[in-house]
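Coordinates as given in structure.cif (mmCIF, C-alpha atoms and all ligand atoms):
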data_target
loop_
_atom_site.label_atom_id
_atom_site.label_comp_id
_atom_site.auth_asym_id
_atom_site.auth_seq_id
_atom_site.Cartn_x
_atom_site.Cartn_y
_atom_site.Cartn_z
CA MET A 1 0.00 0.00 0.00
CA SER A 2 1.39 3.44 -0.92
CA ASP A 3 1.81 6.22 1.68
CA VAL A 4 -0.98 8.15 -0.02
CA GLU A 5 -3.28 5.14 0.13
CA ALA A 6 -2.44 4.57 3.81
CA ASN A 7 -3.37 8.18 4.60
CA ILE A 8 -6.93 8.00 3.26
CA ASP A 9 -9.47 8.75 5.95
CA HIS A 10 -12.19 6.12 5.67
CA SER A 11 -14.40 7.55 8.40
CA LEU A 12 -17.39 9.13 6.66
CA ASN A 13 -19.71 11.90 7.83
CA TYR A 14 -22.95 12.51 5.91
CA ASP A 15 -24.56 14.87 8.41
CA THR A 16 -25.81 17.95 6.55
CA SER A 17 -27.37 19.57 9.62
CA SER A 18 -24.16 21.24 10.76
CA PHE A 19 -20.75 21.87 9.24
CA PRO A 20 -17.51 23.26 10.69
CA PRO A 21 -17.48 27.10 10.71
CA LEU A 22 -15.80 28.66 7.66
CA LYS A 23 -12.43 30.22 8.49
CA ASN A 24 -11.61 31.71 5.07
CA ASP A 25 -14.58 33.32 3.34
CA LEU A 26 -12.56 35.46 0.91
CA TYR A 27 -13.93 33.60 -2.14
CA LEU A 28 -17.54 33.99 -0.99
CA ARG A 29 -17.21 37.68 -0.13
CA THR A 30 -15.60 38.45 -3.48
CA ALA A 31 -18.16 36.39 -5.42
CA ARG A 32 -20.92 38.40 -3.74
CA GLY A 33 -19.36 41.62 -4.97
CA GLU A 34 -17.79 42.83 -1.71
CA LYS A 35 -14.49 44.69 -1.64
CA THR A 36 -11.81 42.42 -0.15
CA GLU A 37 -8.20 42.57 1.05
CA ARG A 38 -7.02 40.66 -2.04
CA ALA A 39 -8.35 38.49 -4.86
CA PRO A 40 -9.11 34.93 -3.78
CA VAL A 41 -7.37 32.27 -5.89
CA TRP A 42 -8.06 28.68 -6.89
CA CYS A 43 -7.47 26.68 -10.08
CA MET A 44 -9.65 24.66 -12.36
CA ARG A 45 -8.45 21.03 -12.25
CA GLN A 46 -6.41 21.79 -9.13
CA ALA A 47 -6.92 18.13 -8.23
CA GLY A 48 -5.55 16.05 -11.07
CA ARG A 49 -2.78 14.20 -12.79
CA TYR A 50 -0.10 16.89 -12.42
CA LEU A 51 -0.04 15.92 -8.71
CA PRO A 52 2.02 12.80 -7.88
CA GLU A 53 -0.29 12.12 -4.92
CA PHE A 54 -3.26 12.01 -7.35
CA ARG A 55 -1.45 9.70 -9.76
CA SER A 56 -0.66 7.45 -6.85
CA ILE A 57 -4.40 7.04 -6.12
CA ARG A 58 -5.11 6.45 -9.81
CA VAL A 59 -2.63 3.55 -9.96
CA GLU A 60 -5.06 1.55 -7.86
CA HIS A 61 -8.45 3.10 -8.67
CA ASP A 62 -10.33 3.70 -11.91
CA PHE A 63 -11.22 7.37 -12.53
CA PHE A 64 -14.99 6.99 -12.10
CA ASN A 65 -14.44 4.76 -9.06
CA VAL A 66 -12.66 7.67 -7.42
CA CYS A 67 -15.69 9.85 -8.24
CA ARG A 68 -18.09 7.23 -6.86
CA THR A 69 -16.24 6.49 -3.62
CA PRO A 70 -16.72 9.38 -1.16
CA ALA A 71 -13.58 8.61 0.89
CA LEU A 72 -11.46 8.74 -2.30
CA ALA A 73 -13.22 11.78 -3.78
CA THR A 74 -12.69 13.62 -0.47
CA GLU A 75 -9.01 12.65 -0.32
CA VAL A 76 -8.35 13.81 -3.89
CA THR A 77 -10.30 17.06 -3.40
CA ILE A 78 -8.17 17.89 -0.38
CA GLN A 79 -4.78 16.94 -1.86
CA PRO A 80 -4.07 20.39 -3.37
CA LEU A 81 -5.29 22.10 -0.17
CA ARG A 82 -2.75 20.10 1.79
CA ARG A 83 0.13 20.70 -0.62
CA TYR A 84 -0.54 24.44 -1.01
CA ALA A 85 -1.54 25.06 2.60
CA GLY A 86 -2.76 28.64 3.09
CA LEU A 87 -2.45 29.50 -0.61
CA LEU A 88 -5.77 28.27 -2.06
CA ASP A 89 -9.06 30.00 -1.23
CA ALA A 90 -11.50 27.34 -2.50
CA ALA A 91 -11.78 23.60 -2.99
CA ILE A 92 -13.75 22.05 -5.88
CA ILE A 93 -15.37 18.69 -5.39
CA PHE A 94 -13.60 15.92 -7.28
CA SER A 95 -16.02 14.59 -9.88
CA ASP A 96 -16.57 15.07 -13.62
CA ILE A 97 -19.05 16.80 -15.90
CA LEU A 98 -19.75 13.41 -17.51
CA VAL A 99 -21.54 12.02 -14.45
CA ILE A 100 -24.72 13.57 -15.93
CA PRO A 101 -24.64 11.54 -19.18
CA GLN A 102 -23.94 8.48 -17.01
CA ALA A 103 -26.93 9.29 -14.79
CA MET A 104 -29.04 9.63 -17.95
CA GLY A 105 -28.14 6.06 -18.92
CA LEU A 106 -25.06 6.33 -21.15
CA GLU A 107 -21.89 4.41 -20.47
CA VAL A 108 -18.73 6.55 -20.20
CA GLN A 109 -15.22 5.17 -19.82
CA MET A 110 -12.09 7.17 -19.03
CA VAL A 111 -9.38 5.85 -21.34
CA PRO A 112 -5.88 6.62 -20.02
CA GLY A 113 -4.03 8.95 -22.37
CA LYS A 114 -7.13 9.43 -24.54
CA GLY A 115 -9.82 10.91 -22.33
CA PRO A 116 -13.54 10.15 -22.11
CA HIS A 117 -15.06 7.52 -24.38
CA PHE A 118 -18.76 6.66 -24.91
CA PRO A 119 -18.98 3.13 -26.40
CA GLU A 120 -22.54 3.86 -27.57
CA PRO A 121 -23.07 7.55 -28.25
CA LEU A 122 -26.39 8.97 -29.48
CA LYS A 123 -26.35 8.36 -33.24
CA GLY A 124 -29.60 10.13 -34.04
CA PRO A 125 -32.74 11.53 -32.41
CA LYS A 126 -34.28 8.04 -32.06
CA ASP A 127 -31.45 7.12 -29.71
CA MET A 128 -32.85 9.57 -27.16
CA GLN A 129 -35.21 6.71 -26.29
CA ARG A 130 -32.21 5.07 -24.64
CA LEU A 131 -31.93 7.91 -22.14
CA THR A 132 -33.39 7.13 -18.76
CA ASP A 133 -34.37 10.61 -17.54
CA LYS A 134 -37.99 10.28 -18.72
CA LYS A 135 -38.53 6.92 -17.03
CA ALA A 136 -40.97 6.96 -14.11
CA GLU A 137 -38.39 5.58 -11.69
CA PHE A 138 -35.67 8.10 -12.70
CA SER A 139 -34.40 10.34 -9.93
CA VAL A 140 -31.46 12.74 -10.26
CA ASP A 141 -30.93 12.63 -6.52
CA LYS A 142 -30.85 8.84 -6.45
CA GLU A 143 -28.55 8.49 -9.46
CA LEU A 144 -26.09 11.10 -8.26
CA ASP A 145 -26.34 10.55 -4.52
CA TYR A 146 -22.68 9.47 -4.52
CA VAL A 147 -21.67 13.02 -5.49
CA TYR A 148 -23.84 14.47 -2.70
CA LYS A 149 -22.20 12.10 -0.22
CA ALA A 150 -18.72 13.09 -1.45
CA ILE A 151 -19.64 16.78 -1.01
CA THR A 152 -21.06 16.36 2.50
CA ASN A 153 -18.11 14.28 3.64
CA THR A 154 -15.62 16.72 2.09
CA ARG A 155 -17.27 19.69 3.84
CA HIS A 156 -16.59 17.93 7.15
CA ALA A 157 -13.07 16.87 6.19
CA LEU A 158 -12.16 20.41 5.09
CA GLY A 159 -12.85 21.58 8.63
CA GLY A 160 -13.87 25.03 7.36
CA GLN A 161 -10.46 25.81 5.80
CA VAL A 162 -12.01 27.13 2.57
CA PRO A 163 -15.43 26.95 0.88
CA LEU A 164 -16.30 23.91 -1.22
CA LEU A 165 -17.49 24.43 -4.79
CA GLY A 166 -19.86 22.15 -6.68
CA PHE A 167 -20.13 22.05 -10.46
CA VAL A 168 -21.99 20.72 -13.49
CA GLY A 169 -21.35 20.56 -17.21
CA ALA A 170 -23.54 22.83 -19.34
CA PRO A 171 -26.11 21.38 -21.75
CA TRP A 172 -24.36 22.13 -25.08
CA THR A 173 -21.03 20.70 -23.88
CA LEU A 174 -22.70 17.57 -22.48
CA MET A 175 -24.87 17.12 -25.58
CA ALA A 176 -21.75 17.32 -27.74
CA TYR A 177 -20.04 14.58 -25.68
CA MET A 178 -23.15 12.39 -25.76
CA ILE A 179 -23.33 12.60 -29.57
CA GLU A 180 -19.64 12.67 -30.49
CA GLY A 181 -18.81 9.94 -28.00
CA GLY A 182 -15.70 11.80 -26.82
CA GLY A 183 -13.63 14.82 -27.76
CA SER A 184 -13.86 16.10 -31.31
CA LYS A 185 -12.03 18.40 -33.72
CA THR A 186 -15.01 19.55 -35.77
CA PHE A 187 -18.09 18.64 -33.72
CA ALA A 188 -19.63 17.56 -37.02
CA GLN A 189 -22.03 15.05 -35.46
CA ALA A 190 -23.26 17.29 -32.66
CA LYS A 191 -23.65 20.21 -35.06
CA THR A 192 -25.58 18.01 -37.47
CA TRP A 193 -28.18 17.74 -34.71
CA LEU A 194 -28.27 21.51 -34.26
CA PHE A 195 -28.89 22.18 -37.96
CA ARG A 196 -30.68 19.06 -39.18
CA HIS A 197 -32.47 17.75 -36.09
CA HIS A 198 -33.28 21.14 -34.70
CA GLN A 199 -36.22 20.14 -32.53
CA ALA A 200 -34.51 17.03 -31.18
CA ALA A 201 -31.44 19.14 -30.33
CA HIS A 202 -33.59 21.51 -28.29
CA GLU A 203 -35.32 18.62 -26.58
CA LEU A 204 -32.00 17.07 -25.61
CA LEU A 205 -30.56 20.39 -24.40
CA SER A 206 -33.69 21.01 -22.38
CA ARG A 207 -33.61 17.58 -20.75
CA ILE A 208 -29.93 17.96 -19.84
CA ALA A 209 -30.61 21.44 -18.44
CA ASP A 210 -33.36 20.08 -16.19
CA VAL A 211 -31.10 17.33 -14.86
CA ALA A 212 -28.19 19.77 -14.41
CA ALA A 213 -30.31 22.30 -12.48
CA GLU A 214 -31.70 19.65 -10.16
CA PHE A 215 -28.23 18.19 -9.65
CA LEU A 216 -26.77 21.58 -8.75
CA VAL A 217 -29.58 22.23 -6.27
CA GLY A 218 -28.82 18.82 -4.74
CA GLN A 219 -25.11 19.63 -4.51
CA ILE A 220 -25.87 22.83 -2.61
CA ARG A 221 -28.28 20.98 -0.33
CA ALA A 222 -25.45 18.49 0.32
CA GLY A 223 -23.04 21.27 1.31
CA ALA A 224 -21.59 23.00 -1.77
CA GLN A 225 -21.13 26.69 -0.85
CA ALA A 226 -20.87 28.00 -4.44
CA ALA A 227 -20.97 26.36 -7.86
CA GLN A 228 -19.63 26.62 -11.38
CA VAL A 229 -21.21 25.67 -14.70
CA PHE A 230 -18.70 24.53 -17.36
CA GLU A 231 -19.64 25.28 -20.97
CA SER A 232 -16.22 24.11 -22.15
CA TRP A 233 -17.17 24.00 -25.81
CA ALA A 234 -19.00 27.32 -26.06
CA GLY A 235 -16.28 28.50 -28.44
CA GLU A 236 -17.32 25.92 -31.02
CA LEU A 237 -20.54 27.89 -31.49
CA GLY A 238 -20.68 31.28 -33.18
CA PRO A 239 -22.65 34.13 -31.59
CA HIS A 240 -25.89 33.23 -33.37
CA ASP A 241 -25.83 29.59 -32.32
CA PHE A 242 -24.60 30.36 -28.81
CA ALA A 243 -27.63 32.61 -28.35
CA GLU A 244 -29.93 29.82 -29.50
CA PHE A 245 -28.33 26.61 -28.21
CA SER A 246 -26.30 27.56 -25.15
CA LEU A 247 -27.41 30.80 -23.50
CA PRO A 248 -31.07 29.92 -22.78
CA TYR A 249 -30.07 26.67 -21.08
CA LEU A 250 -27.25 28.30 -19.08
CA ALA A 251 -29.80 30.94 -18.02
CA ARG A 252 -32.37 28.30 -17.04
CA ILE A 253 -29.89 26.50 -14.78
CA ALA A 254 -28.95 29.72 -12.96
CA GLU A 255 -32.56 30.80 -12.63
CA ARG A 256 -33.64 27.47 -11.12
CA VAL A 257 -30.74 27.33 -8.68
CA LYS A 258 -31.12 30.99 -7.67
CA GLY A 259 -34.84 30.36 -7.17
CA GLN A 260 -33.94 27.98 -4.36
CA TYR A 261 -30.63 29.39 -3.17
CA PRO A 262 -30.50 33.11 -4.01
CA ASP A 263 -27.39 33.71 -1.89
CA VAL A 264 -25.18 30.91 -3.22
CA PRO A 265 -22.72 32.39 -5.75
CA LEU A 266 -22.83 30.90 -9.24
CA THR A 267 -20.10 31.07 -11.88
CA VAL A 268 -20.39 30.45 -15.59
CA PHE A 269 -17.37 29.46 -17.69
CA ALA A 270 -18.28 29.65 -21.37
CA LYS A 271 -14.85 28.90 -22.80
CA GLY A 272 -14.15 30.68 -26.05
CA ALA A 273 -17.39 32.68 -26.07
CA HIS A 274 -15.82 36.16 -26.29
CA TYR A 275 -18.81 37.54 -28.09
CA ALA A 276 -21.19 36.48 -25.32
CA LEU A 277 -19.83 38.45 -22.35
CA GLU A 278 -22.55 41.10 -22.55
CA LEU A 279 -25.38 38.57 -22.83
CA LEU A 280 -24.02 36.46 -19.98
CA ALA A 281 -23.92 39.60 -17.82
CA THR A 282 -27.34 40.99 -18.73
CA ASP A 283 -29.47 37.94 -19.54
CA THR A 284 -28.45 35.41 -16.88
CA ALA A 285 -28.28 35.34 -13.08
CA TYR A 286 -24.64 34.24 -12.76
CA ASP A 287 -22.67 36.25 -10.19
CA VAL A 288 -19.28 35.43 -11.67
CA ILE A 289 -18.17 35.18 -15.31
CA SER A 290 -15.03 33.12 -15.81
CA LEU A 291 -12.74 34.22 -18.64
CA ASP A 292 -10.34 32.16 -20.71
CA TRP A 293 -6.92 33.65 -21.50
CA THR A 294 -7.83 34.92 -24.95
CA ILE A 295 -9.82 37.83 -23.50
CA ASP A 296 -8.14 40.92 -22.12
CA PRO A 297 -9.49 41.36 -18.57
CA SER A 298 -9.77 45.15 -18.69
CA ALA A 299 -11.63 45.00 -22.02
CA ALA A 300 -13.99 42.38 -20.58
CA ARG A 301 -14.59 44.59 -17.53
CA SER A 302 -15.49 47.66 -19.54
CA ARG A 303 -17.70 45.78 -22.00
CA ILE A 304 -19.61 44.11 -19.17
CA ASP A 305 -19.98 47.30 -17.13
CA ALA A 306 -21.28 49.17 -20.19
CA ALA A 307 -23.76 46.40 -21.02
CA VAL A 308 -25.10 46.21 -17.46
CA ALA A 309 -25.40 50.02 -17.24
CA SER A 310 -27.38 50.24 -20.48
CA LYS A 311 -29.89 47.50 -19.71
CA GLN A 312 -32.37 46.98 -16.89
CA THR A 313 -31.20 43.81 -15.12
CA GLN A 314 -32.25 41.98 -11.96
CA ARG A 315 -28.66 42.07 -10.67
CA ARG A 316 -28.25 42.75 -6.96
CA SER A 317 -24.46 43.13 -7.17
CA PRO A 318 -21.83 43.93 -9.82
CA VAL A 319 -20.57 41.15 -12.10
CA VAL A 320 -17.43 39.49 -10.71
CA LEU A 321 -14.80 38.19 -13.14
CA GLN A 322 -12.69 35.06 -12.75
CA GLY A 323 -9.51 34.04 -14.53
CA ASN A 324 -7.58 34.06 -16.66
CA LEU A 325 -3.86 33.27 -16.95
CA ASP A 326 -2.93 31.08 -19.91
CA PRO A 327 -2.26 27.72 -18.19
CA THR A 328 0.72 27.09 -20.47
CA LEU A 329 2.53 29.97 -18.72
CA LEU A 330 3.19 27.37 -16.02
CA PHE A 331 5.54 25.76 -18.54
CA GLY A 332 7.54 29.00 -18.68
CA ASN A 333 10.25 30.08 -16.25
CA ALA A 334 9.27 31.25 -12.77
CA GLN A 335 10.19 34.87 -13.43
CA THR A 336 8.00 35.12 -16.54
CA LEU A 337 5.19 33.38 -14.69
CA ARG A 338 5.42 35.90 -11.82
CA GLU A 339 5.50 38.90 -14.14
CA ARG A 340 2.55 37.72 -16.18
CA THR A 341 0.55 36.88 -13.06
CA GLU A 342 1.17 40.36 -11.70
CA ALA A 343 0.13 41.90 -15.02
CA MET A 344 -3.01 39.78 -14.99
CA CYS A 345 -3.96 40.98 -11.50
CA GLN A 346 -3.43 44.58 -12.58
CA ALA A 347 -5.56 44.13 -15.68
CA PHE A 348 -8.46 42.85 -13.56
CA GLY A 349 -8.03 45.68 -11.06
CA PRO A 350 -8.25 45.69 -7.26
CA SER A 351 -11.76 44.31 -6.82
CA LEU A 352 -14.43 41.98 -8.25
CA HIS A 353 -11.76 39.45 -9.27
CA ILE A 354 -11.33 35.76 -8.45
CA ALA A 355 -7.88 34.74 -9.67
CA ASN A 356 -7.65 31.50 -11.63
CA LEU A 357 -6.17 30.09 -14.80
CA GLY A 358 -7.98 30.59 -18.10
CA HIS A 359 -8.56 26.82 -18.20
CA GLY A 360 -7.50 23.81 -16.17
CA MET A 361 -4.19 22.48 -14.87
CA MET A 362 -2.57 20.04 -17.32
CA PRO A 363 -1.00 16.64 -16.64
CA GLY A 364 2.50 17.89 -17.61
CA HIS A 365 2.55 20.85 -15.20
CA ASP A 366 5.19 21.02 -12.48
CA PRO A 367 3.35 21.36 -9.13
CA GLU A 368 5.99 23.87 -7.95
CA GLN A 369 4.97 26.21 -10.78
CA LEU A 370 1.43 26.30 -9.43
CA ARG A 371 2.89 27.41 -6.10
CA VAL A 372 4.72 30.23 -7.92
CA PHE A 373 1.40 31.31 -9.48
CA LEU A 374 -0.50 31.19 -6.18
CA GLU A 375 2.19 33.13 -4.30
CA ALA A 376 2.38 35.70 -7.09
CA VAL A 377 -1.39 36.28 -6.91
CA HIS A 378 -1.23 36.76 -3.13
CA LYS A 379 1.60 39.27 -3.46
CA ALA A 380 0.39 41.24 -6.49
CA SER A 381 -3.23 41.36 -5.44
CA SER A 382 -2.55 42.36 -1.81
CA ALA A 383 -0.41 45.24 -3.12
CA LEU A 384 -3.17 46.35 -5.51
CA CYS A 385 -5.83 46.30 -2.79
CA LYS A 386 -3.85 48.45 -0.32
C1 LIG A 401 -14.66 19.09 -20.41
C2 LIG A 401 -14.61 18.62 -18.97
C3 LIG A 401 -14.50 17.29 -18.54
N1 LIG A 401 -14.49 17.29 -17.16
C4 LIG A 401 -14.56 18.58 -16.71
C5 LIG A 401 -14.68 19.43 -17.83
C6 LIG A 401 -14.89 20.91 -17.76
C7 LIG A 401 -13.63 21.62 -17.53
C8 LIG A 401 -12.78 21.71 -18.75
O1 LIG A 401 -13.22 22.35 -19.72
O2 LIG A 401 -11.69 21.15 -18.72
C9 LIG A 401 -14.63 19.06 -15.33
C10 LIG A 401 -13.78 18.44 -14.32
N2 LIG A 401 -13.07 17.28 -14.40
C11 LIG A 401 -12.42 17.05 -13.22
C12 LIG A 401 -12.78 18.08 -12.32
C13 LIG A 401 -12.40 17.99 -10.86
C14 LIG A 401 -12.20 19.06 -10.04
C15 LIG A 401 -11.00 19.96 -10.32
O3 LIG A 401 -11.15 20.89 -11.15
O4 LIG A 401 -9.97 19.81 -9.62
C16 LIG A 401 -13.59 18.97 -13.01
C17 LIG A 401 -14.19 20.29 -12.54
C18 LIG A 401 -11.53 15.93 -12.90
C19 LIG A 401 -10.91 15.18 -14.00
N3 LIG A 401 -11.53 14.75 -15.14
C20 LIG A 401 -10.64 14.00 -15.87
C21 LIG A 401 -9.40 13.93 -15.19
C22 LIG A 401 -8.17 13.15 -15.62
C23 LIG A 401 -8.51 11.70 -15.80
C24 LIG A 401 -7.63 10.70 -15.14
O5 LIG A 401 -7.29 10.80 -13.95
O6 LIG A 401 -7.30 9.74 -15.85
C25 LIG A 401 -9.58 14.66 -14.00
C26 LIG A 401 -8.57 14.83 -12.91
C27 LIG A 401 -10.99 13.33 -17.14
C28 LIG A 401 -11.66 14.12 -18.14
N4 LIG A 401 -12.94 14.61 -18.04
C29 LIG A 401 -13.22 15.34 -19.16
C30 LIG A 401 -12.11 15.27 -20.02
C31 LIG A 401 -12.00 15.96 -21.38
C32 LIG A 401 -11.16 14.48 -19.39
C33 LIG A 401 -9.83 14.07 -19.91
C34 LIG A 401 -9.00 15.28 -19.85
C35 LIG A 401 -7.57 15.01 -19.60
O7 LIG A 401 -7.07 14.00 -20.13
O8 LIG A 401 -7.00 15.82 -18.87
C36 LIG A 401 -14.47 16.05 -19.37
#
For the structure just supplied, provide its representation as structure tokens.
Amino acid sequence: MSDVEANIDHSLNYDTSSFPPLKNDLYLRTARGEKTERAPVWCMRQAGRYLPEFRSIRVEHDFFNVCRTPALATEVTIQPLRRYAGLLDAAIIFSDILVIPQAMGLEVQMVPGKGPHFPEPLKGPKDMQRLTDKKAEFSVDKELDYVYKAITNTRHALGGQVPLLGFVGAPWTLMAYMIEGGGSKTFAQAKTWLFRHHQAAHELLSRIADVAAEFLVGQIRAGAQAAQVFESWAGELGPHDFAEFSLPYLARIAERVKGQYPDVPLTVFAKGAHYALELLATDTAYDVISLDWTIDPSAARSRIDAAVASKQTQRRSPVVLQGNLDPTLLFGNAQTLRERTEAMCQAFGPSLHIANLGHGMMPGHDPEQLRVFLEAVHKASSALCK
């Protein structure tokens, strides 16, 4: 048994009636639009294969087994918090966006070195009959209870160090996986649905959105203190198609969740959807908009502020931005990484910013480079906020 394996805490706590008091609420205060002493920082995919302690768990456990076993999901969620003690301001529950297609009845395998693989993707609209979400006995909460248990247990195990984030995949991204059967260069199959099987596409998007909204509500009930919606393939759609096939479903998820939990901060990450910043700010209820690295933060800020000022919105607080350092800067030397992190913090300005990468950590990253990034954010942002 490896040292990592020997350290796993197998005592489980599923009590949602009380959790340890939160000691670091910087993320939550910033996400709610308050002025803070510095920008909070966390990283997408902060738990993952770049960490030797994660790889050590994966030697013995299949990826989806880790997701389905609360003691393992908790351990892996906490690994980066342990390694970067005092440097991270949020934890994100270890799971995957593809647990929704699984819950809806599709098989998904994680093929090492290749990524997700659906042995039987949806070939055409008739295949929607194979999905289980319309069956009388279907229950989101029952299917995905293992994620709720992982969240509740992790909230206890975190001991209030930092808030715990939940997440879901957005409908267009999940639909694309369910039809393509994995990653894709052209998205030809999924886009065929959009433009040939128009009505079926909307039905599928709508069904995924309903499951995603209910799942997010369940995650919050289980203990998630904020949540993020990943529309990782937004950039495959142009502005016209984003407005038709992505935005309404992103908006529906936020509206449903806010209807039940108005004070829980929600983030949307529509990767590659430059053109959609204004619409995301004015036509959805997300508190935080996460930017990839291809958008200049100060330009994003002024576009969003102008859009919000010119349109009546229901917003109770200003839009917060998250991001957006190019993750490949972690392959550069430490000095360049520090300089670019400082420039990023300056471009976002002293408030309404949650520091992050513009996408996730990669398997080839050196964990020490993430420490350089985290320390650089602390230093640059504290100086800016003085
Ligand atoms: C598109 C997407 C997926 N999954 C996710 C997204 C949206 C974010 C993004 O745009 O990257 C979301 C996700 N996946 C994972 C997390 C965990 C929490 C965290 O961010 O630390 C989160 C938030 C773990 C994971 N999800 C996956 C891994 C690596 C798999 C392994 O251990 O073998 C991890 C740590 C597998 C996965 N899952 C997915 C892919 C494409 C892959 C393979 C990618 C790769 O090879 O790096 C689908």
Using all atoms listed in the file, find each residue with an atom at most 8 Å away from ligand LIG 401 (chain A) and format the answer as a PyMOL selection string. chain A and resi 43-49+54-55+58+62-63+77+91-98+110-116+167-169+173+182-183+230-233+271+359-360+362-363
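The smallest atom-to-atom distance between His10 in chain A and any of A:Ser206, A:Thr69, A:Thr30, A:Gln129, using all atoms listed in the file, is found for A:Thr69.
Here the question is which of A:Ala380, A:Ala73, A:Ala90, A:Met361 gets nearest to Leu329 in chain A using only C-alpha atoms, and that residue is A:Met361.
Take CA of Asn7 in chain A and CA of Glu75 in chain A: the distance between them is 8.7 Å.
Look at Ala176 in chain A: the protein and nucleic acid residues within 10 Å of it, using only C-alpha atoms and passing over chain neighbours fewer than 2 places away, are Pro121, Leu122, Pro171, Trp172, Thr173, Leu174, Met178, Ile179, Glu180, Gly181, Gly182, Gly183, Ser184, Phe187, Ala188, Gln189, Ala190, Lys191, Trp193, Leu205 and Trp233 of chain A.
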Neighbour list for Ala243 in chain A as a ChimeraX atom specification, cut-off 12 Å, all atoms listed in the file, skip fewer than 2 positions in-chain: /A:172,234,237-241,245-251,273,275-280,283-284
Restricting the calculation to only C-alpha atoms, which member of A:Thr152, A:Gln322, A:Thr336, A:Lys126 is positioned closest to Ala201 in chain A? A:Lys126
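You will find CA of Thr74 in chain A at 5.0 Å from CA of Thr154 in chain A.
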With distances taken over all atoms listed in the file, which of A:Arg38, A:Lys185, A:Arg29, A:His197 is nearest to Lys379 in chain A? A:Arg38
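Closest approach to Phe242 in chain A among A:Leu266, A:Leu194, A:Ala31, A:Met104 is made by A:Leu194 (distances from all atoms listed in the file).
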Spatial neighbours of Ser351 in chain A, 12 Å, only C-alpha atoms, chain gap at least 6 places, as a ChimeraX atom specification: /A:26-27,29-40,301,318-322,345,381-386
Which residue gives the smallest distance to Lys142 in chain A among A:Gly323, A:Gly272, A:Gly332, A:Gly218, with all atoms listed in the file counted? A:Gly218
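Straight-line separation from CA of Phe215 in chain A to CA of Leu22 in chain A: 23.7 Å.
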